[in-house]
Structure formats: C-alpha cells, structure tokens
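Asker: This one is work.pdb, PDB, C-alpha atoms.
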MODEL        1
ATOM      1  CA  MET A 291       9.484   4.868 -19.545
ATOM      2  CA  ASP A 292      12.948   4.310 -18.144
ATOM      3  CA  ARG A 293      13.357   1.993 -15.188
ATOM      4  CA  PRO A 294      11.767   3.670 -12.120
ATOM      5  CA  ALA A 295      14.462   5.353 -10.045
ATOM      6  CA  ARG A 296      12.853   7.543  -7.403
ATOM      7  CA  ILE A 297      12.679   6.714  -3.715
ATOM      8  CA  ASP A 298       9.432   8.181  -2.422
ATOM      9  CA  VAL A 299       9.732   8.885   1.307
ATOM     10  CA  HIS A 300       6.187  10.269   1.587
ATOM     11  CA  GLN A 301       3.856   7.541   0.403
ATOM     12  CA  HIS A 302       0.967   6.276   2.460
ATOM     13  CA  ILE A 303      -0.457   2.913   3.364
ATOM     14  CA  VAL A 304      -4.059   2.295   4.427
ATOM     15  CA  PRO A 305      -4.121  -0.884   6.533
ATOM     16  CA  PRO A 306      -7.665  -2.293   6.643
ATOM     17  CA  VAL A 307      -7.577  -2.479  10.449
ATOM     18  CA  TRP A 308      -6.728   1.238  10.606
ATOM     19  CA  ALA A 309      -9.415   2.259   8.112
ATOM     20  CA  LYS A 310     -11.950   0.207  10.071
ATOM     21  CA  ALA A 311     -10.904   1.837  13.368
ATOM     22  CA  LEU A 312     -11.326   5.319  11.889
ATOM     23  CA  ASP A 313     -14.707   4.449  10.411
ATOM     24  CA  ALA A 314     -15.931   3.045  13.739
ATOM     25  CA  ARG A 315     -15.130   6.389  15.381
ATOM     26  CA  GLY A 316     -16.444   8.560  12.558
ATOM     27  CA  LEU A 317     -12.942   9.912  11.869
ATOM     28  CA  ASP A 318     -11.137  10.941   8.714
ATOM     29  CA  SER A 319      -7.834  12.717   8.013
ATOM     30  CA  GLY A 320      -8.581  16.323   8.901
ATOM     31  CA  GLY A 321     -11.637  16.536   6.682
ATOM     32  CA  TRP A 322      -9.982  14.462   3.941
ATOM     33  CA  ALA A 323     -11.578  11.159   2.954
ATOM     34  CA  ILE A 324      -9.661   7.911   3.465
ATOM     35  CA  PRO A 325      -8.898   6.535  -0.013
ATOM     36  CA  ALA A 326      -8.755   2.936  -1.149
ATOM     37  CA  TRP A 327      -5.291   1.353  -1.135
ATOM     38  CA  SER A 328      -3.692  -1.894  -2.197
ATOM     39  CA  PRO A 329      -0.116  -2.958  -2.949
ATOM     40  CA  ARG A 330      -1.140  -3.592  -6.550
ATOM     41  CA  ASP A 331      -2.526  -0.067  -6.990
ATOM     42  CA  ALA A 332       0.552   1.401  -5.310
ATOM     43  CA  LEU A 333       2.897  -0.451  -7.660
ATOM     44  CA  ALA A 334       0.897   0.636 -10.698
ATOM     45  CA  MET A 335       1.118   4.277  -9.614
ATOM     46  CA  MET A 336       4.822   3.938  -8.854
ATOM     47  CA  ASP A 337       5.618   2.475 -12.260
ATOM     48  CA  GLN A 338       3.785   5.347 -13.939
ATOM     49  CA  GLN A 339       5.483   8.018 -11.802
ATOM     50  CA  GLY A 340       9.020   6.686 -12.019
ATOM     51  CA  ILE A 341       9.128   5.543  -8.383
ATOM     52  CA  ALA A 342      11.287   2.528  -7.607
ATOM     53  CA  THR A 343      10.513   2.316  -3.880
ATOM     54  CA  GLY A 344       7.853   3.876  -1.662
ATOM     55  CA  VAL A 345       8.504   4.203   2.064
ATOM     56  CA  LEU A 346       5.015   3.724   3.474
ATOM     57  CA  SER A 347       3.468   5.429   6.489
ATOM     58  CA  VAL A 348       0.069   5.820   8.110
ATOM     59  CA  THR A 349      -1.142   9.399   7.948
ATOM     60  CA  ALA A 350      -3.090  11.579  10.382
ATOM     61  CA  PRO A 351      -4.735  11.090  12.776
ATOM     62  CA  GLY A 352      -2.248   8.316  13.482
ATOM     63  CA  VAL A 353      -2.991   5.320  15.706
ATOM     64  CA  HIS A 354      -3.852   6.823  19.101
ATOM     65  CA  LEU A 355      -7.577   7.355  18.575
ATOM     66  CA  GLY A 356      -8.849   6.867  22.131
ATOM     67  CA  SER A 357      -7.382   4.962  25.046
ATOM     68  CA  ASP A 358      -3.704   4.135  25.464
ATOM     69  CA  GLN A 359      -4.418   0.411  25.270
ATOM     70  CA  ASP A 360      -6.383   0.769  22.054
ATOM     71  CA  GLY A 361      -3.556   2.873  20.634
ATOM     72  CA  ARG A 362      -0.965   0.233  21.473
ATOM     73  CA  THR A 363      -3.089  -2.510  19.924
ATOM     74  CA  LEU A 364      -3.745  -0.536  16.749
ATOM     75  CA  ALA A 365      -0.084   0.490  16.386
ATOM     76  CA  ARG A 366       1.044  -3.134  16.588
ATOM     77  CA  ALA A 367      -1.568  -4.277  14.053
ATOM     78  CA  VAL A 368      -0.716  -1.458  11.633
ATOM     79  CA  ASN A 369       3.012  -2.097  11.907
ATOM     80  CA  GLU A 370       2.694  -5.835  11.407
ATOM     81  CA  TYR A 371       0.595  -5.188   8.299
ATOM     82  CA  GLY A 372       3.181  -2.778   6.927
ATOM     83  CA  ALA A 373       6.003  -5.207   7.659
ATOM     84  CA  GLU A 374       4.213  -7.922   5.676
ATOM     85  CA  VAL A 375       3.812  -5.596   2.687
ATOM     86  CA  VAL A 376       7.547  -4.869   2.767
ATOM     87  CA  LYS A 377       8.390  -8.546   3.254
ATOM     88  CA  ASP A 378       6.573  -9.419   0.036
ATOM     89  CA  ARG A 379       8.346  -6.706  -2.027
ATOM     90  CA  PRO A 380      11.378  -5.359  -0.138
ATOM     91  CA  ASP A 381      12.715  -3.812  -3.337
ATOM     92  CA  ARG A 382       9.568  -1.752  -3.902
ATOM     93  CA  PHE A 383       8.433  -0.846  -0.384
ATOM     94  CA  GLY A 384       9.844   0.474   2.861
ATOM     95  CA  HIS A 385       7.997   1.190   6.087
ATOM     96  CA  PHE A 386       7.813   3.908   8.736
ATOM     97  CA  ALA A 387       6.299   2.384  11.879
ATOM     98  CA  SER A 388       3.519   4.114  13.800
ATOM     99  CA  VAL A 389       3.770   4.761  17.546
ATOM    100  CA  PRO A 390       0.891   5.648  19.897
ATOM    101  CA  LEU A 391       1.867   9.092  21.188
ATOM    102  CA  PRO A 392       1.021  10.743  23.566
ATOM    103  CA  ASP A 393       1.298   7.383  25.391
ATOM    104  CA  ILE A 394       5.053   7.684  25.864
ATOM    105  CA  ASP A 395       5.633   4.227  27.380
ATOM    106  CA  GLY A 396       3.641   2.623  24.583
ATOM    107  CA  ALA A 397       5.406   4.724  21.961
ATOM    108  CA  VAL A 398       8.897   3.776  23.161
ATOM    109  CA  ALA A 399       8.002   0.093  23.386
ATOM    110  CA  GLU A 400       6.458   0.061  19.910
ATOM    111  CA  ALA A 401       9.364   1.947  18.354
ATOM    112  CA  VAL A 402      11.825  -0.566  19.791
ATOM    113  CA  HIS A 403       9.725  -3.523  18.617
ATOM    114  CA  ALA A 404       9.189  -2.092  15.140
ATOM    115  CA  LEU A 405      12.834  -1.185  14.560
ATOM    116  CA  ASP A 406      14.419  -4.240  16.174
ATOM    117  CA  THR A 407      11.908  -6.998  15.400
ATOM    118  CA  LEU A 408       9.858  -5.876  12.402
ATOM    119  CA  GLY A 409      12.779  -4.241  10.613
ATOM    120  CA  ALA A 410      11.030  -0.905  10.063
ATOM    121  CA  ASP A 411      12.989   1.725   8.146
ATOM    122  CA  GLY A 412      12.099   4.364  10.724
ATOM    123  CA  VAL A 413       9.100   5.728  12.584
ATOM    124  CA  VAL A 414       6.403   8.221  11.663
ATOM    125  CA  LEU A 415       5.299  10.829  14.193
ATOM    126  CA  MET A 416       2.292  13.077  13.804
ATOM    127  CA  SER A 417       3.156  16.772  14.180
ATOM    128  CA  ASN A 418       1.020  16.900  17.303
ATOM    129  CA  ALA A 419      -0.459  14.187  19.484
ATOM    130  CA  HIS A 420      -3.829  15.384  20.741
ATOM    131  CA  GLY A 421      -2.462  18.932  20.876
ATOM    132  CA  ARG A 422       0.935  18.070  22.348
ATOM    133  CA  TYR A 423       3.839  18.971  20.071
ATOM    134  CA  LEU A 424       6.958  16.926  19.480
ATOM    135  CA  GLY A 425       9.217  19.033  21.690
ATOM    136  CA  ASP A 426       7.038  18.212  24.729
ATOM    137  CA  PRO A 427       9.400  17.333  27.631
ATOM    138  CA  ASP A 428       7.381  14.180  28.327
ATOM    139  CA  PHE A 429       8.386  12.841  24.897
ATOM    140  CA  GLU A 430      12.095  12.979  25.752
ATOM    141  CA  PRO A 431      12.440   9.194  26.355
ATOM    142  CA  LEU A 432      11.245   8.503  22.812
ATOM    143  CA  TRP A 433      13.764  10.905  21.285
ATOM    144  CA  ALA A 434      16.530   9.381  23.404
ATOM    145  CA  GLU A 435      15.637   5.876  22.212
ATOM    146  CA  LEU A 436      15.450   6.965  18.571
ATOM    147  CA  ASP A 437      18.774   8.764  18.896
ATOM    148  CA  ARG A 438      20.452   5.639  20.278
ATOM    149  CA  ARG A 439      19.287   3.758  17.180
ATOM    150  CA  ARG A 440      20.225   6.562  14.751
ATOM    151  CA  ALA A 441      16.656   6.286  13.520
ATOM    152  CA  ASN A 442      14.913   7.958  10.618
ATOM    153  CA  VAL A 443      11.892   9.924  11.835
ATOM    154  CA  PHE A 444       9.243  11.048   9.373
ATOM    155  CA  VAL A 445       7.110  13.900  10.730
ATOM    156  CA  HIS A 446       3.669  14.035   9.153
ATOM    157  CA  PRO A 447       1.276  16.881   9.865
ATOM    158  CA  ALA A 448      -1.939  16.472  11.784
ATOM    159  CA  GLN A 449      -4.851  18.782  12.381
ATOM    160  CA  PRO A 450      -3.731  21.456  14.853
ATOM    161  CA  PRO A 451      -5.730  21.887  18.070
ATOM    162  CA  MET A 452      -8.108  24.457  16.623
ATOM    163  CA  PRO A 453     -11.281  24.425  14.535
ATOM    164  CA  LEU A 454     -11.020  23.816  10.822
ATOM    165  CA  LEU A 455     -11.300  26.865   8.622
ATOM    166  CA  PRO A 456     -14.811  26.604   7.119
ATOM    167  CA  GLY A 457     -14.745  24.862   3.769
ATOM    168  CA  THR A 458     -11.008  24.144   4.077
ATOM    169  CA  PRO A 459      -9.866  20.606   4.910
ATOM    170  CA  ALA A 460      -6.839  20.527   7.214
ATOM    171  CA  PRO A 461      -4.478  19.078   4.562
ATOM    172  CA  LEU A 462      -5.039  22.113   2.364
ATOM    173  CA  ALA A 463      -3.780  24.773   4.787
ATOM    174  CA  ASP A 464      -3.508  23.666   8.410
ATOM    175  CA  TYR A 465      -1.075  20.812   7.747
ATOM    176  CA  VAL A 466       1.516  23.224   6.334
ATOM    177  CA  PHE A 467       1.145  25.364   9.434
ATOM    178  CA  ASP A 468       1.369  22.440  11.855
ATOM    179  CA  THR A 469       4.539  21.012  10.305
ATOM    180  CA  THR A 470       6.187  24.399  10.766
ATOM    181  CA  ARG A 471       4.874  24.688  14.304
ATOM    182  CA  THR A 472       6.229  21.343  15.489
ATOM    183  CA  ALA A 473       9.598  21.853  13.745
ATOM    184  CA  LEU A 474      10.090  25.173  15.504
ATOM    185  CA  ASN A 475       8.998  23.567  18.774
ATOM    186  CA  LEU A 476      11.648  20.851  18.354
ATOM    187  CA  VAL A 477      14.339  23.487  17.847
ATOM    188  CA  LEU A 478      13.281  25.885  20.609
ATOM    189  CA  ARG A 479      12.963  23.001  23.093
ATOM    190  CA  GLY A 480      16.469  21.854  22.181
ATOM    191  CA  VAL A 481      15.505  18.426  20.854
ATOM    192  CA  MET A 482      17.382  18.851  17.579
ATOM    193  CA  GLY A 483      20.501  19.882  19.459
ATOM    194  CA  ARG A 484      20.380  17.138  22.102
ATOM    195  CA  TYR A 485      19.769  14.271  19.687
ATOM    196  CA  PRO A 486      22.094  14.733  16.717
ATOM    197  CA  ASN A 487      21.865  11.115  15.550
ATOM    198  CA  VAL A 488      18.164  11.258  14.660
ATOM    199  CA  ARG A 489      17.417  12.096  11.012
ATOM    200  CA  VAL A 490      14.125  14.016  10.954
ATOM    201  CA  ILE A 491      12.262  14.355   7.642
ATOM    202  CA  LEU A 492       9.624  17.095   7.500
ATOM    203  CA  SER A 493       6.672  16.641   5.160
ATOM    204  CA  HIS A 494       5.708  19.001   2.348
ATOM    205  CA  GLY A 495       8.963  20.912   2.103
ATOM    206  CA  GLY A 496       8.883  21.670   5.820
ATOM    207  CA  GLY A 497       5.697  23.713   5.622
ATOM    208  CA  PHE A 498       6.814  27.324   5.502
ATOM    209  CA  LEU A 499       9.959  26.738   7.575
ATOM    210  CA  PRO A 500      12.472  27.377   4.729
ATOM    211  CA  TYR A 501      10.725  30.653   3.880
ATOM    212  CA  ALA A 502      10.551  31.844   7.490
ATOM    213  CA  ALA A 503      13.710  30.306   8.989
ATOM    214  CA  TYR A 504      15.576  33.573   9.424
ATOM    215  CA  ARG A 505      12.504  35.216  10.922
ATOM    216  CA  PHE A 506      12.565  32.464  13.543
ATOM    217  CA  SER A 507      16.287  32.736  14.198
ATOM    218  CA  GLY A 508      16.420  36.516  14.387
ATOM    219  CA  LEU A 509      13.448  36.925  16.694
ATOM    220  CA  THR A 510      14.479  34.007  18.902
ATOM    221  CA  SER A 511      17.876  35.545  19.616
ATOM    222  CA  THR A 512      16.586  39.100  20.109
ATOM    223  CA  ALA A 513      13.133  38.726  21.662
ATOM    224  CA  VAL A 514      12.506  35.149  22.864
ATOM    225  CA  ASP A 515      15.800  33.745  24.193
ATOM    226  CA  PRO A 516      18.592  36.350  24.193
ATOM    227  CA  ASP A 517      21.044  33.715  25.445
ATOM    228  CA  ARG A 518      20.626  31.794  22.217
ATOM    229  CA  ASP A 519      22.635  32.832  19.191
ATOM    230  CA  ALA A 520      20.756  33.284  15.905
ATOM    231  CA  GLU A 521      23.233  31.122  14.028
ATOM    232  CA  ASP A 522      22.709  28.325  16.556
ATOM    233  CA  VAL A 523      18.983  28.412  15.799
ATOM    234  CA  VAL A 524      19.652  28.327  12.053
ATOM    235  CA  ARG A 525      22.044  25.413  12.519
ATOM    236  CA  ASP A 526      19.356  23.377  14.299
ATOM    237  CA  LEU A 527      16.739  24.291  11.681
ATOM    238  CA  LYS A 528      19.113  23.122   8.962
ATOM    239  CA  ARG A 529      19.387  19.700  10.587
ATOM    240  CA  PHE A 530      15.984  18.791   9.171
ATOM    241  CA  HIS A 531      15.499  16.855   5.970
ATOM    242  CA  PHE A 532      12.557  17.797   3.743
ATOM    243  CA  ASP A 533      10.385  15.956   1.228
ATOM    244  CA  THR A 534       9.006  17.507  -1.945
ATOM    245  CA  ALA A 535       5.424  16.216  -1.633
ATOM    246  CA  LEU A 536       3.058  18.913  -2.970
ATOM    247  CA  SER A 537       5.965  21.366  -2.664
ATOM    248  CA  ALA A 538       7.994  21.220  -5.877
ATOM    249  CA  SER A 539       6.420  24.414  -7.174
ATOM    250  CA  PRO A 540       8.045  27.404  -8.930
ATOM    251  CA  SER A 541       7.718  29.454  -5.732
ATOM    252  CA  ALA A 542       8.361  26.846  -3.012
ATOM    253  CA  LEU A 543      11.219  24.874  -4.575
ATOM    254  CA  PRO A 544      13.686  27.779  -4.832
ATOM    255  CA  ALA A 545      13.152  28.655  -1.160
ATOM    256  CA  LEU A 546      13.543  25.030  -0.120
ATOM    257  CA  LEU A 547      16.740  24.528  -2.112
ATOM    258  CA  ALA A 548      18.162  27.841  -0.885
ATOM    259  CA  PHE A 549      17.676  26.808   2.750
ATOM    260  CA  ALA A 550      18.150  23.030   2.938
ATOM    261  CA  GLU A 551      21.576  21.530   3.452
ATOM    262  CA  PRO A 552      22.980  19.554   0.495
ATOM    263  CA  GLY A 553      21.488  16.073   0.481
ATOM    264  CA  HIS A 554      18.569  17.036   2.727
ATOM    265  CA  VAL A 555      15.826  17.237   0.077
ATOM    266  CA  LEU A 556      14.054  13.983  -0.782
ATOM    267  CA  TYR A 557      11.322  13.052  -3.230
ATOM    268  CA  GLY A 558       7.763  12.639  -1.924
ATOM    269  CA  SER A 559       4.396  12.026  -3.580
ATOM    270  CA  ASP A 560       1.807  11.871  -0.742
ATOM    271  CA  TRP A 561      -0.118   9.220  -2.691
ATOM    272  CA  PRO A 562      -2.935   8.127  -2.355
ATOM    273  CA  PHE A 563      -4.131  11.020  -0.179
ATOM    274  CA  ALA A 564      -2.826  13.262  -2.936
ATOM    275  CA  PRO A 565      -4.255  11.789  -6.163
ATOM    276  CA  GLN A 566      -1.935  10.640  -8.904
ATOM    277  CA  GLU A 567      -2.912  13.699 -10.956
ATOM    278  CA  ALA A 568      -1.470  15.897  -8.196
ATOM    279  CA  GLY A 569       1.730  13.870  -8.275
ATOM    280  CA  SER A 570       2.033  14.434 -12.023
ATOM    281  CA  TYR A 571       1.399  18.153 -11.556
ATOM    282  CA  TYR A 572       4.280  18.572  -9.107
ATOM    283  CA  ASN A 573       6.545  16.161 -10.975
ATOM    284  CA  ARG A 574       6.336  18.441 -14.003
ATOM    285  CA  PHE A 575       7.593  21.349 -11.909
ATOM    286  CA  LEU A 576      10.373  19.201 -10.458
ATOM    287  CA  GLU A 577      11.450  17.811 -13.811
ATOM    288  CA  SER A 578      11.453  21.195 -15.543
ATOM    289  CA  TYR A 579      13.176  23.186 -12.778
ATOM    290  CA  PRO A 580      15.955  25.133 -14.534
ATOM    291  CA  ASP A 581      18.315  25.946 -11.669
ATOM    292  CA  PHE A 582      19.429  22.646 -10.181
ATOM    293  CA  ALA A 583      23.118  22.410  -9.334
ATOM    294  CA  PRO A 584      24.948  19.489 -10.975
ATOM    295  CA  GLY A 585      23.695  16.226  -9.473
ATOM    296  CA  GLN A 586      21.000  17.916  -7.387
ATOM    297  CA  ALA A 587      18.009  16.494  -9.276
ATOM    298  CA  GLU A 588      19.410  12.970  -9.027
ATOM    299  CA  ALA A 589      20.034  13.457  -5.307
ATOM    300  CA  ILE A 590      16.419  14.510  -4.753
ATOM    301  CA  ASP A 591      15.069  11.603  -6.769
ATOM    302  CA  ARG A 592      17.217   8.960  -5.134
ATOM    303  CA  GLY A 593      20.716   9.719  -3.879
ATOM    304  CA  SER A 594      19.802  11.548  -0.679
ATOM    305  CA  ALA A 595      17.373   8.795   0.329
ATOM    306  CA  GLU A 596      20.012   6.123  -0.267
ATOM    307  CA  VAL A 597      22.119   7.759   2.452
ATOM    308  CA  LEU A 598      19.234   7.521   4.955
ATOM    309  CA  PHE A 599      18.065   4.078   3.805
ATOM    310  CA  PRO A 600      21.209   2.127   2.817
ATOM    311  CA  ARG A 601      19.260  -1.057   2.164
ATOM    312  CA  LEU A 602      17.544   0.707  -0.761
ATOM    313  CA  ALA A 603      20.809   1.688  -2.428
ATOM    314  CA  ARG A 604      21.480   0.142  -5.798
TER     315      ARG A 604
ENDMDL
END
Show how you would write the structure in this file as structure tokens.
Answerer:
Amino acid sequence: MDRPARIDVHQHIVPPVWAKALDARGLDSGGWAIPAWSPRDALAMMDQQGIATGVLSVTAPGVHLGSDQDGRTLARAVNEYGAEVVKDRPDRFGHFASVPLPDIDGAVAEAVHALDTLGADGVVLMSNAHGRYLGDPDFEPLWAELDRRRANVFVHPAQPPMPLLPGTPAPLADYVFDTTRTALNLVLRGVMGRYPNVRVILSHGGGFLPYAAYRFSGLTSTAVDPDRDAEDVVRDLKRFHFDTALSASPSALPALLAFAEPGHVLYGSDWPFAPQEAGSYYNRFLESYPDFAPGQAEAIDRGSAEVLFPRLAR
C-alpha cells in the first residue's frame, strides 16, 4: 500500500478511566457495546485503511455521567490520557478534548485548559447534553470562548431524549436524527451566525441535513420566522463541515457534495465503534465514486483537514 495519507477526523479513543466509569454505571453508547482500544490496534487499522493521522475523541455518552464534579474529574482524566497518546505519536494522532456539558462553568474551564495547556486540536461536543441541545442559551459562554480561540468543534451524536426504537441501537438510526436536530438548533438559535470563527464538524455527513437543508430554509422563512430570509438560513447551514464516517454511500455522498461548501467535507472512519469491515465498505464507495471534481477526492482525504489542523499539514 502507498504511504497512508488520510486524516481521519472521526476516530475514537477509549480511555480506560472512561470505560471503567461507564461500566460502574451500567452504561454503554446508546445500546452499542464499548469496544477494546489501544494505540497499537489503532495504528494497525490506520495503516491498513490508508490513514496517516486519526483525530481522537470520546464518543457518547460523553463525560458528564452524573454530578457536575464527577463530570469535571472525568473530563480532565480523559483529556490528559488523550494528550499523552498524542504526545507519544504527534504525527499519527490528534485529539478533540471532552467537556462536561451541561455544566457550563466546568465545560468552559476544561475547554480553556485542554486547548491552552494540553494542546488539544479542538473539542468534542455531544449533540445533546442530557436532553439540552447545543443552541441552548445557557451554553453561550462556551461558544463565545471557542469563537475567541477559533476552535475546531467536533459534534458527535448522542442518544436523543426519547426511548430507543425496539431492537435498534441509537447509533443505527437515532444518531443520524440527533446530529440533524442539534445542527438545526444551532442555526435557528443564531449560534452559527454569532460565532463565525468556530469551525463546526458534523458527524456522519451531517445526518440528513444536506438532504433536507432547503426544507429547513424554506419553512423557516415562511412558517417559523418570517423575519429570517431563506438564503440566510442556507448560508448558516453551509457553515458546517461534515465528515464521511458511515456516509460515503452512493445515495448519501452525492447529496453531501451537492450541499457542502468546497473544502468542507472531511474523511471519517468512526473506528472502533464502527468495525474495520465497515470502514472498508464505505472506503470502497468513496474510492470508486465517479463524479468527483478535480482535486475533490484528495481534499476529502487530507487537504480540507490540513486547513483546519495546520500542524498536520505535510
């Protein structure tokens, strides 16, 4: 195989302290088992899948599992673990830091510490924090702080505040829905307009946002907020970046590429929560897609991520 080139912005880490905290509370990731993880296994997968660097993040349910104090303690432990992994192999790993929303004071403090002291490449936010979505007015101080730092923000879906569909783990269906829900919430609450310096990456091709974007814009301007122009809504929706994790399919990829701004689509694998076989399945679609514009495939694999993460540029 050629030298790995891809930058994978949707790759997960499973810190032992986090796995232990979930197990102690009888939690999983929306009905999805917590897989084993090690840097060695991650590097082996990356070499086989053509991935040069994986930007690691903790997945749902995040780090706020009970009290605010426990959330702050777990966030710090998780972020220090991730920083050590990156320190050992800065060429192969990056790191999105976890913050303990809905504890807004704890989240702001941890974001500042992770970005300024631990050298995190950005922060990861769950799509909802115990049922509170990312456009919640109480979360405004966090967005303001992230905007000041021109931070990368990776939005990962979580189980929405509703029962699971019987026999259907949340990652299979509900996560796609919840990513879309929180993205629309960010736009309708004006967060994307007020904080133009934040670069927000939506997981899994943005859920069904690219497919439904003009439904959202048209109905917002005619039935929800007549003072808001449809094109203004579209403009805010187009501010998002999107990863290809589980989304580079013959039906989803054309919609994503038709909607996303140039340079706003980034490679993602979702490993190890998505097994390596799933990564190979979607890579085949990505690699055989017949309608890329010149340079578009290379931008998805690497170039677009280099703009967001200059330290990873070759």
Asker: Ranking A:Leu543, A:Ile491, A:Met416, A:Ala399 by minimum distance to A:Phe444 and counting all atoms listed in the file, which one comes first?
Answerer: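 Answer, going by the shortest atom-to-atom distance: A:Ile491.
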Asker: Could you list, as an NGL selection string, every residue matched by the PyMOL selection byres ((chain A and resi 407-410) around 7) in this structure?
Answerer: :A and (373 or 385-387 or 403-406 or 411-412)
Asker: Between atom CA of A:Asn487 and atom CA of A:Leu415, what distance in Å does the model show, to one decimal?
Answerer: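 Atom-to-atom, atom CA of A:Asn487 to atom CA of A:Leu415, that is 16.6 Å.
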Asker: What do you get, as an mmCIF file with C-alpha atoms, in the coordinates of the input, if you spell out every residue that the PyMOL selection byres ((chain A and resi 333-349) around 6) selects here?
Answerer:
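The resulting file, expr.cif, is shown below:
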data_model
loop_
_atom_site.group_PDB
_atom_site.id
_atom_site.type_symbol
_atom_site.label_atom_id
_atom_site.label_comp_id
_atom_site.auth_asym_id
_atom_site.auth_seq_id
_atom_site.Cartn_x
_atom_site.Cartn_y
_atom_site.Cartn_z
ATOM 1 C CA PRO A 294 11.767 3.670 -12.120
ATOM 2 C CA ALA A 295 14.462 5.353 -10.045
ATOM 3 C CA ARG A 296 12.853 7.543 -7.403
ATOM 4 C CA ILE A 297 12.679 6.714 -3.715
ATOM 5 C CA ASP A 298 9.432 8.181 -2.422
ATOM 6 C CA VAL A 299 9.732 8.885 1.307
ATOM 7 C CA GLN A 301 3.856 7.541 0.403
ATOM 8 C CA HIS A 302 0.967 6.276 2.460
ATOM 9 C CA ILE A 303 -0.457 2.913 3.364
ATOM 10 C CA ARG A 330 -1.140 -3.592 -6.550
ATOM 11 C CA ASP A 331 -2.526 -0.067 -6.990
ATOM 12 C CA ALA A 332 0.552 1.401 -5.310
ATOM 13 C CA ALA A 350 -3.090 11.579 10.382
ATOM 14 C CA GLY A 352 -2.248 8.316 13.482
ATOM 15 C CA ARG A 382 9.568 -1.752 -3.902
ATOM 16 C CA PHE A 383 8.433 -0.846 -0.384
ATOM 17 C CA GLY A 384 9.844 0.474 2.861
ATOM 18 C CA HIS A 385 7.997 1.190 6.087
ATOM 19 C CA PHE A 386 7.813 3.908 8.736
#
Asker: Could you tell me how far atom CA of A:Ser541 lies from atom CA of A:Ser507, in Å and to one decimal?
Answerer: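 Between atom CA of A:Ser541 and atom CA of A:Ser507 the gap is 21.9 Å.
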Asker: Check the smallest atom-to-atom distance from each of A:Asp426, A:Leu478, A:Trp327, A:Ala587 to A:Asp519 using only C-alpha atoms, then report the winner.
Answerer: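 Residue with the minimum atom-to-atom distance to A:Asp519: A:Leu478.
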Asker: Applied to this file, what does the PyMOL selection byres ((chain A and resi 454-463) around 12) return in terms of residues, put as an NGL selection string?
Answerer: :A and (318-323 or 349-351 or 446-453 or 464-470 or 493-494 or 497-498 or 536 or 560 or 563-564)
Asker: Measuring atom to atom with only C-alpha atoms, identify which of A:Thr472, A:Ser357, A:Thr534, A:Asn442 is nearest to A:Ile590.
Answerer: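 Using only C-alpha atoms, A:Ile590 sits closest to A:Thr534.
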Asker: Place all heavy atoms on stretch 384-389 of chain A and deliver the coordinates as a PDB file, in the coordinates of the input.
Answerer:
ATOM      1  N   GLY A 384       9.269   0.320   1.542  1.00  0.00           N
ATOM      2  CA  GLY A 384       9.844   0.474   2.861  1.00  0.00           C
ATOM      3  C   GLY A 384       8.711   0.824   3.817  1.00  0.00           C
ATOM      4  O   GLY A 384       7.555   0.929   3.427  1.00  0.00           O
ATOM      5  N   HIS A 385       9.058   1.067   5.084  1.00  0.00           N
ATOM      6  CA  HIS A 385       7.997   1.190   6.087  1.00  0.00           C
ATOM      7  C   HIS A 385       8.443   2.062   7.251  1.00  0.00           C
ATOM      8  O   HIS A 385       9.467   1.802   7.887  1.00  0.00           O
ATOM      9  CB  HIS A 385       7.651  -0.220   6.594  1.00  0.00           C
ATOM     10  CG  HIS A 385       6.656  -0.248   7.715  1.00  0.00           C
ATOM     11  ND1 HIS A 385       6.777  -1.097   8.799  1.00  0.00           N
ATOM     12  CD2 HIS A 385       5.531   0.464   7.926  1.00  0.00           C
ATOM     13  CE1 HIS A 385       5.764  -0.896   9.624  1.00  0.00           C
ATOM     14  NE2 HIS A 385       4.999   0.047   9.108  1.00  0.00           N
ATOM     15  N   PHE A 386       7.686   3.143   7.497  1.00  0.00           N
ATOM     16  CA  PHE A 386       7.813   3.908   8.736  1.00  0.00           C
ATOM     17  C   PHE A 386       6.775   3.374   9.722  1.00  0.00           C
ATOM     18  O   PHE A 386       5.570   3.379   9.428  1.00  0.00           O
ATOM     19  CB  PHE A 386       7.540   5.395   8.492  1.00  0.00           C
ATOM     20  CG  PHE A 386       8.622   6.133   7.756  1.00  0.00           C
ATOM     21  CD1 PHE A 386       8.350   6.737   6.537  1.00  0.00           C
ATOM     22  CD2 PHE A 386       9.893   6.245   8.287  1.00  0.00           C
ATOM     23  CE1 PHE A 386       9.327   7.443   5.855  1.00  0.00           C
ATOM     24  CE2 PHE A 386      10.884   6.936   7.611  1.00  0.00           C
ATOM     25  CZ  PHE A 386      10.607   7.536   6.395  1.00  0.00           C
ATOM     26  N   ALA A 387       7.210   2.948  10.883  1.00  0.00           N
ATOM     27  CA  ALA A 387       6.299   2.384  11.879  1.00  0.00           C
ATOM     28  C   ALA A 387       5.570   3.484  12.643  1.00  0.00           C
ATOM     29  O   ALA A 387       6.125   4.550  12.915  1.00  0.00           O
ATOM     30  CB  ALA A 387       7.083   1.513  12.866  1.00  0.00           C
ATOM     31  N   SER A 388       4.332   3.200  13.000  1.00  0.00           N
ATOM     32  CA  SER A 388       3.519   4.114  13.800  1.00  0.00           C
ATOM     33  C   SER A 388       3.720   3.841  15.283  1.00  0.00           C
ATOM     34  O   SER A 388       3.911   2.693  15.698  1.00  0.00           O
ATOM     35  CB  SER A 388       2.039   3.939  13.458  1.00  0.00           C
ATOM     36  OG  SER A 388       1.777   4.290  12.115  1.00  0.00           O
ATOM     37  N   VAL A 389       3.673   4.904  16.095  1.00  0.00           N
ATOM     38  CA  VAL A 389       3.770   4.761  17.546  1.00  0.00           C
ATOM     39  C   VAL A 389       2.626   5.549  18.189  1.00  0.00           C
ATOM     40  O   VAL A 389       2.196   6.573  17.659  1.00  0.00           O
ATOM     41  CB  VAL A 389       5.129   5.240  18.091  1.00  0.00           C
ATOM     42  CG1 VAL A 389       6.259   4.400  17.505  1.00  0.00           C
ATOM     43  CG2 VAL A 389       5.362   6.705  17.793  1.00  0.00           C
TER      44      VAL A 389
END
